Amino acid sequence: IGFPLALLFAWAFEMTPEGIKLEKDVDRSTSITAQTGQKMNRGIIIALGIAVVLLLIDKFRPETVEAPDPAVAVTTQAVDSPLTEEPGPETDEKSIAVLPFVDMSPDGDQAYFADGISEEILNVLVKTHSLKVAGRTSSFQFRGRNEDLRVIGDQLGVEHILEGSIRKANNRVRITAQLVKADDGFHLWSETYDRELTDIFAIQDEIARSITDALAIELDLADAEQSLVSASTGNMDAYDRYLEARGLIAKRLDFPRVIELLEEATLLDPQFAEGWAANAQAHTLAPYYIGFPREKASDKAKAMALKALEINRDLSMAHSVLGDVYRDRFEWKKATDSYKRALALNPDDIEANEQYAQMLWRASYFDEALKYSARAVELDPLSWLNLTVHATLRYASGDRTGGWSDMLRALEMSGNNREYPSRHAINMSLSEGNVKRAIEIMRALAESSEFGQKAPVTKARYDQFIPLLNSREETLDFLARRQEESLSIGVLSPWTLDIFWAAYYGDYALAEEIMKA
């Protein structure tokens, strides 16, 4: 619109030393048009020169790769740089990691008890909200490694470390604990407790109080004086079963054994709220790991979680598990209320943060989900499961480079649990149209010795499936012919990868049928 006006103005007027005048009123002998024209020419030449330089810089600058290719990372045990050069989590001065206590029992058969007591002390310290406590999954990775404390502190992002041992015999237990500074190994506190097993909660309270007392002045812990431990059950046999079951849940192992232990625990003490909540959690997880019927598991989990809340309405774990139940039923509002209640009671509840992130992810609130997945990773930085969720959310939110970086680390950390991060890495690859990378990740999973031992039937199926994946027609034909077999194990199965492949090759009806299972 302005161009015709500017053209008319330039034609009718001329710039002179006395200002702008009509061209007809300017004496040709005094016109300065030649000088202003030369100045304009010089300006244009300079501008063009700058543009050419910028064009050359852009032309010959090395290309930036948006997402690193994980093909190498998933076929080797160690991930090459730059991932191995990434700094660990930022160290917080008011922070501690509780390493798994060493089992010194005569028969060496009390590792689960030692782990359980270590985790219980960790959970007690979490209640001191002014103290950052590294999560169980991360801390327990250093079991038996005799690692330099400075390395542990750097990897977990903590300044202090609690380590110790447990010797359990008959009805007595000896617990030795020591608190040290990670950067120099300086001992801040140590103590040995010889007690009857009936005093186990008192011992936990003594240890937790001694730790917070040792750190209170140095770190100015505002809430160190609060009551930390309350006896959850007076039945030590029930508590013993609970500790063993909690250890298996944390490792996502042997859910039939977990359910059996917790049913025994709540039978021994029907008022054991934590036992009911743990069994509820086991039932929400069972369909994903052992093919337990989903509807039956959901009904049982809900009843057990509500039972736990009847006994203790402020039990964060029970509210979180109730959120899991509602989430898997797609009752988003109820799930949100339950998760938020759990996090209000315990903002550092790793499971609640991670599961709420998964709910928000399913509902496509990626940016909001990222806040909670990031918190779960911060609290438990060496958990491959938390990192897988966070990596996928980063990718889905548009941060592809960051998502791939985290995913490669998750694949490296997952060890014999590589199937879960592999599924998401394959999905990410297919969303980019990178079939080659998706096949390489799938092949690396199928060829891993751990996967072959854990799932020989699935491995045999992969061996048939992988050679067909470059062909749309052969892939969809295979999926259609083997659909009934694919659905036989339900959501647990690694064959849920079929959903990704069917959708990638455009058979959305088939993908939907698999997803409905």
# chains A, B, ... in the order shown; residues from 1 in each chain; ligands from 1
>>> residues_around(residues="Thr392 in chain A", least_positions_apart="4", cutoff="12 Å", atoms="only C-alpha atoms", output="PDB file with N, CA and C atoms, in the first residue's frame")
ATOM      1  N   ALA A 357       2.829 -38.188  36.290  1.00  0.00           N
ATOM      2  CA  ALA A 357       3.381 -37.780  34.990  1.00  0.00           C
ATOM      3  C   ALA A 357       2.865 -38.689  33.883  1.00  0.00           C
ATOM      4  N   GLN A 358       2.794 -39.993  34.164  1.00  0.00           N
ATOM      5  CA  GLN A 358       2.291 -40.920  33.147  1.00  0.00           C
ATOM      6  C   GLN A 358       0.815 -40.665  32.843  1.00  0.00           C
ATOM      7  N   TRP A 361       0.615 -37.609  30.716  1.00  0.00           N
ATOM      8  CA  TRP A 361       1.139 -38.014  29.405  1.00  0.00           C
ATOM      9  C   TRP A 361       0.030 -38.679  28.584  1.00  0.00           C
ATOM     10  N   ARG A 362      -0.689 -39.625  29.194  1.00  0.00           N
ATOM     11  CA  ARG A 362      -1.767 -40.318  28.484  1.00  0.00           C
ATOM     12  C   ARG A 362      -2.853 -39.340  28.040  1.00  0.00           C
ATOM     13  N   PHE A 366       1.485 -32.788  27.865  1.00  0.00           N
ATOM     14  CA  PHE A 366       2.912 -33.099  27.897  1.00  0.00           C
ATOM     15  C   PHE A 366       3.708 -32.116  28.748  1.00  0.00           C
ATOM     16  N   ASP A 367       3.454 -30.824  28.587  1.00  0.00           N
ATOM     17  CA  ASP A 367       4.236 -29.831  29.316  1.00  0.00           C
ATOM     18  C   ASP A 367       4.023 -29.954  30.823  1.00  0.00           C
ATOM     19  N   ALA A 369       3.038 -32.705  32.369  1.00  0.00           N
ATOM     20  CA  ALA A 369       3.619 -33.991  32.761  1.00  0.00           C
ATOM     21  C   ALA A 369       5.126 -33.875  32.972  1.00  0.00           C
ATOM     22  N   LEU A 370       5.772 -33.057  32.150  1.00  0.00           N
ATOM     23  CA  LEU A 370       7.225 -32.884  32.262  1.00  0.00           C
ATOM     24  C   LEU A 370       7.659 -32.410  33.636  1.00  0.00           C
ATOM     25  N   SER A 373       7.630 -35.578  35.817  1.00  0.00           N
ATOM     26  CA  SER A 373       8.661 -36.542  35.428  1.00  0.00           C
ATOM     27  C   SER A 373      10.046 -36.005  35.769  1.00  0.00           C
ATOM     28  N   ALA A 374      10.237 -34.697  35.611  1.00  0.00           N
ATOM     29  CA  ALA A 374      11.527 -34.091  35.963  1.00  0.00           C
ATOM     30  C   ALA A 374      11.778 -34.208  37.460  1.00  0.00           C
ATOM     31  N   LEU A 385      13.518 -46.374  34.610  1.00  0.00           N
ATOM     32  CA  LEU A 385      12.101 -46.245  34.318  1.00  0.00           C
ATOM     33  C   LEU A 385      11.682 -44.778  34.320  1.00  0.00           C
ATOM     34  N   ASN A 386      12.067 -44.041  35.378  1.00  0.00           N
ATOM     35  CA  ASN A 386      11.729 -42.616  35.443  1.00  0.00           C
ATOM     36  C   ASN A 386      12.333 -41.855  34.266  1.00  0.00           C
ATOM     37  N   LEU A 387      13.571 -42.208  33.924  1.00  0.00           N
ATOM     38  CA  LEU A 387      14.253 -41.503  32.845  1.00  0.00           C
ATOM     39  C   LEU A 387      13.610 -41.802  31.489  1.00  0.00           C
ATOM     40  N   THR A 388      13.113 -43.025  31.311  1.00  0.00           N
ATOM     41  CA  THR A 388      12.424 -43.367  30.065  1.00  0.00           C
ATOM     42  C   THR A 388      11.170 -42.526  29.888  1.00  0.00           C
ATOM     43  N   ALA A 396       8.128 -35.749  23.078  1.00  0.00           N
ATOM     44  CA  ALA A 396       6.759 -35.418  22.669  1.00  0.00           C
ATOM     45  C   ALA A 396       6.469 -33.932  22.798  1.00  0.00           C
ATOM     46  N   SER A 397       7.198 -33.254  23.689  1.00  0.00           N
ATOM     47  CA  SER A 397       6.985 -31.821  23.904  1.00  0.00           C
ATOM     48  C   SER A 397       7.765 -30.972  22.913  1.00  0.00           C
ATOM     49  N   GLY A 398       8.553 -31.610  22.050  1.00  0.00           N
ATOM     50  CA  GLY A 398       9.275 -30.865  21.024  1.00  0.00           C
ATOM     51  C   GLY A 398      10.770 -30.824  21.205  1.00  0.00           C
ATOM     52  N   ASP A 399      11.273 -31.272  22.379  1.00  0.00           N
ATOM     53  CA  ASP A 399      12.715 -31.277  22.625  1.00  0.00           C
ATOM     54  C   ASP A 399      13.285 -32.618  22.157  1.00  0.00           C
ATOM     55  N   ARG A 400      13.440 -32.765  20.856  1.00  0.00           N
ATOM     56  CA  ARG A 400      13.867 -34.058  20.319  1.00  0.00           C
ATOM     57  C   ARG A 400      15.296 -34.420  20.712  1.00  0.00           C
ATOM     58  N   THR A 401      16.185 -33.432  20.676  1.00  0.00           N
ATOM     59  CA  THR A 401      17.583 -33.707  21.036  1.00  0.00           C
ATOM     60  C   THR A 401      17.681 -34.131  22.492  1.00  0.00           C
ATOM     61  N   GLY A 402      17.024 -33.386  23.386  1.00  0.00           N
ATOM     62  CA  GLY A 402      17.044 -33.744  24.800  1.00  0.00           C
ATOM     63  C   GLY A 402      16.373 -35.075  25.062  1.00  0.00           C
ATOM     64  N   GLY A 403      15.279 -35.343  24.334  1.00  0.00           N
ATOM     65  CA  GLY A 403      14.586 -36.608  24.501  1.00  0.00           C
ATOM     66  C   GLY A 403      15.453 -37.793  24.114  1.00  0.00           C
ATOM     67  N   TRP A 404      16.161 -37.671  22.976  1.00  0.00           N
ATOM     68  CA  TRP A 404      17.043 -38.764  22.559  1.00  0.00           C
ATOM     69  C   TRP A 404      18.222 -38.928  23.521  1.00  0.00           C
ATOM     70  N   SER A 405      18.757 -37.827  24.012  1.00  0.00           N
ATOM     71  CA  SER A 405      19.881 -37.901  24.949  1.00  0.00           C
ATOM     72  C   SER A 405      19.486 -38.683  26.201  1.00  0.00           C
ATOM     73  N   ASP A 406      18.312 -38.352  26.760  1.00  0.00           N
ATOM     74  CA  ASP A 406      17.837 -39.068  27.943  1.00  0.00           C
ATOM     75  C   ASP A 406      17.510 -40.523  27.616  1.00  0.00           C
ATOM     76  N   MET A 407      16.946 -40.757  26.431  1.00  0.00           N
ATOM     77  CA  MET A 407      16.572 -42.124  26.070  1.00  0.00           C
ATOM     78  C   MET A 407      17.800 -43.021  25.944  1.00  0.00           C
ATOM     79  N   LEU A 408      18.879 -42.500  25.392  1.00  0.00           N
ATOM     80  CA  LEU A 408      20.101 -43.301  25.278  1.00  0.00           C
ATOM     81  C   LEU A 408      20.650 -43.657  26.651  1.00  0.00           C
ATOM     82  N   ALA A 410      18.807 -43.942  29.346  1.00  0.00           N
ATOM     83  CA  ALA A 410      17.876 -44.922  29.903  1.00  0.00           C
ATOM     84  C   ALA A 410      18.177 -46.315  29.366  1.00  0.00           C
ATOM     85  N   TYR A 420      11.411 -52.021  27.936  1.00  0.00           N
ATOM     86  CA  TYR A 420      10.535 -50.849  28.101  1.00  0.00           C
ATOM     87  C   TYR A 420      11.101 -49.602  27.407  1.00  0.00           C
ATOM     88  N   PRO A 421      12.344 -49.202  27.693  1.00  0.00           N
ATOM     89  CA  PRO A 421      12.863 -48.045  26.954  1.00  0.00           C
ATOM     90  C   PRO A 421      13.007 -48.310  25.461  1.00  0.00           C
ATOM     91  N   SER A 422      13.273 -49.561  25.069  1.00  0.00           N
ATOM     92  CA  SER A 422      13.397 -49.874  23.643  1.00  0.00           C
ATOM     93  C   SER A 422      12.086 -49.618  22.916  1.00  0.00           C
ATOM     94  N   ARG A 423      10.966 -49.999  23.537  1.00  0.00           N
ATOM     95  CA  ARG A 423       9.662 -49.781  22.892  1.00  0.00           C
ATOM     96  C   ARG A 423       9.465 -48.295  22.583  1.00  0.00           C
ATOM     97  N   HIS A 424       9.815 -47.446  23.553  1.00  0.00           N
ATOM     98  CA  HIS A 424       9.601 -46.014  23.345  1.00  0.00           C
ATOM     99  C   HIS A 424      10.613 -45.435  22.356  1.00  0.00           C
ATOM    100  N   ALA A 425      11.826 -45.961  22.371  1.00  0.00           N
ATOM    101  CA  ALA A 425      12.824 -45.501  21.403  1.00  0.00           C
ATOM    102  C   ALA A 425      12.402 -45.871  19.983  1.00  0.00           C
ATOM    103  N   ILE A 426      11.802 -47.041  19.815  1.00  0.00           N
ATOM    104  CA  ILE A 426      11.303 -47.453  18.506  1.00  0.00           C
ATOM    105  C   ILE A 426      10.162 -46.547  18.072  1.00  0.00           C
ATOM    106  N   ASN A 427       9.272 -46.227  18.996  1.00  0.00           N
ATOM    107  CA  ASN A 427       8.154 -45.334  18.687  1.00  0.00           C
ATOM    108  C   ASN A 427       8.653 -43.959  18.262  1.00  0.00           C
ATOM    109  N   MET A 428       9.660 -43.450  18.979  1.00  0.00           N
ATOM    110  CA  MET A 428      10.245 -42.154  18.628  1.00  0.00           C
ATOM    111  C   MET A 428      10.856 -42.210  17.223  1.00  0.00           C
ATOM    112  N   SER A 429      11.521 -43.306  16.918  1.00  0.00           N
ATOM    113  CA  SER A 429      12.151 -43.451  15.597  1.00  0.00           C
ATOM    114  C   SER A 429      11.104 -43.463  14.493  1.00  0.00           C
ATOM    115  N   SER A 431       8.151 -42.210  14.593  1.00  0.00           N
ATOM    116  CA  SER A 431       7.487 -40.905  14.460  1.00  0.00           C
ATOM    117  C   SER A 431       8.310 -39.968  13.586  1.00  0.00           C
TER     118      SER A 431
END
>>> residues_around(residues="His283 in chain A", least_positions_apart="5", cutoff="10 Å", atoms="only C-alpha atoms", output="PyMOL selection string")
chain A and resi 255-256+258-259+277-278+288+292-294+296-302+304+321+325
>>> residues_around(residues="range 262-276 of chain A", least_positions_apart="5", cutoff="6 Å", atoms="only C-alpha atoms", output="ChimeraX atom specification")
/A:233,238,241,304,308,311
>>> atom_distance(atom1="CA of Ile350 in chain A", atom2="CA of Ala335 in chain A")
16.5 Å
>>> closest_residue(among="A:Gly157, A:Ile117, A:Glu163, A:Phe330", to="Ile203 in chain A", atoms="only C-alpha atoms")
A:Ile117
>>> closest_residue(among="A:Gln204, A:Asp380, A:Ser165, A:Arg209", to="Ala97 in chain A", atoms="only C-alpha atoms")
A:Asp380
>>> residues_around(residues="Asp109 in chain A", least_positions_apart="4", cutoff="12 Å", atoms="only C-alpha atoms", output="list in words")
Val102, Asp103, Met104, Ser105, Phe113, Ala114, Asp115, Ile166, Arg167, Lys168, Ala169 and Glu244 of chain A
>>> select_by_dssp(residues="range 153-375 of chain A", states="helix (DSSP H, G or I)", output="VMD selection string")
chain A and resid 153 to 156 197 to 219 236 to 251 255 to 268 273 to 289 294 to 311 316 to 328 332 to 345 350 to 362 366 to 375
>>> write_last_selection(atoms="C-alpha atoms", output="CSV table (one decimal), in the first residue's frame")
chain,number,residue,atom,x,y,z
A,153,GLY,CA,27.9,-38.4,45.8
A,154,ASP,CA,28.5,-37.0,42.3
A,155,GLN,CA,26.3,-39.5,40.6
A,156,LEU,CA,23.4,-39.1,43.1
A,197,LEU,CA,13.2,-57.2,66.9
A,198,THR,CA,10.1,-55.9,68.7
A,199,ASP,CA,11.9,-52.6,68.9
A,200,ILE,CA,12.6,-52.2,65.2
A,201,PHE,CA,10.6,-49.0,64.8
A,202,ALA,CA,12.3,-47.5,67.8
A,203,ILE,CA,15.6,-48.3,66.2
A,204,GLN,CA,14.6,-46.7,62.9
A,205,ASP,CA,13.4,-43.6,64.8
A,206,GLU,CA,16.7,-43.4,66.8
A,207,ILE,CA,18.8,-43.7,63.6
A,208,ALA,CA,16.7,-41.1,61.7
A,209,ARG,CA,16.8,-38.7,64.7
A,210,SER,CA,20.5,-39.2,65.1
A,211,ILE,CA,21.1,-38.4,61.4
A,212,THR,CA,18.9,-35.3,61.4
A,213,ASP,CA,20.5,-34.2,64.7
A,214,ALA,CA,24.0,-34.6,63.2
A,215,LEU,CA,22.9,-32.5,60.2
A,216,ALA,CA,20.5,-30.1,61.8
A,217,ILE,CA,23.0,-27.4,63.0
A,218,GLU,CA,25.4,-27.9,60.0
A,219,LEU,CA,22.6,-27.7,57.4
A,236,MET,CA,6.9,-58.4,63.3
A,237,ASP,CA,6.1,-61.4,61.1
A,238,ALA,CA,3.8,-59.1,59.1
A,239,TYR,CA,6.4,-56.5,58.9
A,240,ASP,CA,9.0,-59.0,57.7
A,241,ARG,CA,6.8,-60.1,54.9
A,242,TYR,CA,6.0,-56.5,54.0
A,243,LEU,CA,9.8,-55.6,53.7
A,244,GLU,CA,10.4,-58.6,51.4
A,245,ALA,CA,7.5,-57.6,49.2
A,246,ARG,CA,8.5,-53.9,49.0
A,247,GLY,CA,11.9,-54.9,47.8
A,248,LEU,CA,10.4,-57.1,45.0
A,249,ILE,CA,8.0,-54.3,44.0
A,250,ALA,CA,10.8,-51.8,43.7
A,251,LYS,CA,12.6,-54.2,41.3
A,255,PHE,CA,4.5,-60.3,41.5
A,256,PRO,CA,2.8,-63.6,42.5
A,257,ARG,CA,5.3,-63.8,45.4
A,258,VAL,CA,4.6,-60.2,46.3
A,259,ILE,CA,0.9,-60.7,46.4
A,260,GLU,CA,1.3,-63.8,48.5
A,261,LEU,CA,3.5,-62.1,51.0
A,262,LEU,CA,1.2,-59.1,51.4
A,263,GLU,CA,-1.9,-61.2,51.8
A,264,GLU,CA,-0.1,-63.0,54.6
A,265,ALA,CA,1.0,-59.7,56.1
A,266,THR,CA,-2.5,-58.2,56.2
A,267,LEU,CA,-3.9,-61.5,57.5
A,268,LEU,CA,-1.5,-61.4,60.4
A,273,ALA,CA,-2.3,-49.9,56.4
A,274,GLU,CA,1.0,-49.9,54.6
A,275,GLY,CA,0.5,-53.6,53.9
A,276,TRP,CA,-2.9,-53.0,52.3
A,277,ALA,CA,-1.5,-50.1,50.3
A,278,ALA,CA,1.5,-52.1,49.1
A,279,ASN,CA,-0.8,-54.9,48.0
A,280,ALA,CA,-3.0,-52.4,46.1
A,281,GLN,CA,0.1,-51.1,44.3
A,282,ALA,CA,1.2,-54.7,43.4
A,283,HIS,CA,-2.2,-55.3,41.8
A,284,THR,CA,-2.1,-52.1,39.7
A,285,LEU,CA,1.3,-53.1,38.4
A,286,ALA,CA,0.6,-56.8,37.9
A,287,PRO,CA,-1.3,-56.5,34.5
A,288,TYR,CA,1.8,-54.8,33.1
A,289,TYR,CA,4.3,-57.4,34.2
A,294,ARG,CA,-6.8,-55.9,34.3
A,295,GLU,CA,-10.4,-55.5,35.5
A,296,LYS,CA,-9.9,-58.0,38.3
A,297,ALA,CA,-6.7,-56.4,39.4
A,298,SER,CA,-8.2,-52.9,39.3
A,299,ASP,CA,-11.2,-53.9,41.5
A,300,LYS,CA,-8.9,-55.5,44.1
A,301,ALA,CA,-6.4,-52.6,44.0
A,302,LYS,CA,-9.2,-50.1,44.6
A,303,ALA,CA,-10.7,-52.1,47.5
A,304,MET,CA,-7.3,-52.5,49.2
A,305,ALA,CA,-6.3,-48.8,48.7
A,306,LEU,CA,-9.6,-47.7,50.3
A,307,LYS,CA,-9.0,-50.2,53.2
A,308,ALA,CA,-5.6,-48.6,53.8
A,309,LEU,CA,-7.2,-45.1,53.8
A,310,GLU,CA,-9.8,-46.3,56.3
A,311,ILE,CA,-7.0,-47.1,58.7
A,316,SER,CA,0.5,-40.9,50.7
A,317,MET,CA,1.1,-44.3,49.0
A,318,ALA,CA,-2.6,-45.3,49.3
A,319,HIS,CA,-3.7,-42.1,47.6
A,320,SER,CA,-1.1,-42.5,44.9
A,321,VAL,CA,-2.3,-46.1,44.2
A,322,LEU,CA,-5.9,-45.0,44.1
A,323,GLY,CA,-4.7,-42.5,41.4
A,324,ASP,CA,-3.3,-45.4,39.5
A,325,VAL,CA,-6.6,-47.3,39.6
A,326,TYR,CA,-8.6,-44.3,38.3
A,327,ARG,CA,-6.0,-43.5,35.7
A,328,ASP,CA,-6.2,-47.0,34.2
A,332,TRP,CA,-9.0,-38.5,34.9
A,333,LYS,CA,-10.6,-36.1,37.4
A,334,LYS,CA,-10.6,-38.7,40.2
A,335,ALA,CA,-7.1,-39.8,39.3
A,336,THR,CA,-5.9,-36.1,39.4
A,337,ASP,CA,-7.5,-35.6,42.8
A,338,SER,CA,-5.8,-38.7,44.3
A,339,TYR,CA,-2.4,-37.9,42.9
A,340,LYS,CA,-2.5,-34.3,44.1
A,341,ARG,CA,-3.6,-35.5,47.6
A,342,ALA,CA,-0.7,-37.9,47.7
A,343,LEU,CA,1.8,-35.2,46.7
A,344,ALA,CA,0.3,-32.7,49.2
A,345,LEU,CA,1.0,-35.3,51.9
A,350,ILE,CA,8.8,-40.6,43.8
A,351,GLU,CA,6.1,-43.1,42.7
A,352,ALA,CA,3.3,-40.5,42.9
A,353,ASN,CA,5.4,-38.0,40.8
A,354,GLU,CA,6.2,-40.6,38.2
A,355,GLN,CA,2.7,-42.1,38.0
A,356,TYR,CA,1.0,-38.7,37.8
A,357,ALA,CA,3.4,-37.8,35.0
A,358,GLN,CA,2.3,-40.9,33.1
A,359,MET,CA,-1.4,-40.0,33.6
A,360,LEU,CA,-0.8,-36.5,32.3
A,361,TRP,CA,1.1,-38.0,29.4
A,362,ARG,CA,-1.8,-40.3,28.5
A,366,PHE,CA,2.9,-33.1,27.9
A,367,ASP,CA,4.2,-29.8,29.3
A,368,GLU,CA,2.5,-30.4,32.7
A,369,ALA,CA,3.6,-34.0,32.8
A,370,LEU,CA,7.2,-32.9,32.3
A,371,LYS,CA,7.2,-31.1,35.6
A,372,TYR,CA,6.4,-34.3,37.5
A,373,SER,CA,8.7,-36.5,35.4
A,374,ALA,CA,11.5,-34.1,36.0
A,375,ARG,CA,10.9,-34.2,39.7
>>> closest_residue(among="A:Ser449, A:Asn123, A:Gln110, A:Ser138", to="Glu378 in chain A", atoms="only C-alpha atoms")
A:Ser138
>>> atom_distance(atom1="CA of Met442 in chain A", atom2="CA of Thr458 in chain A")
11.9 Å
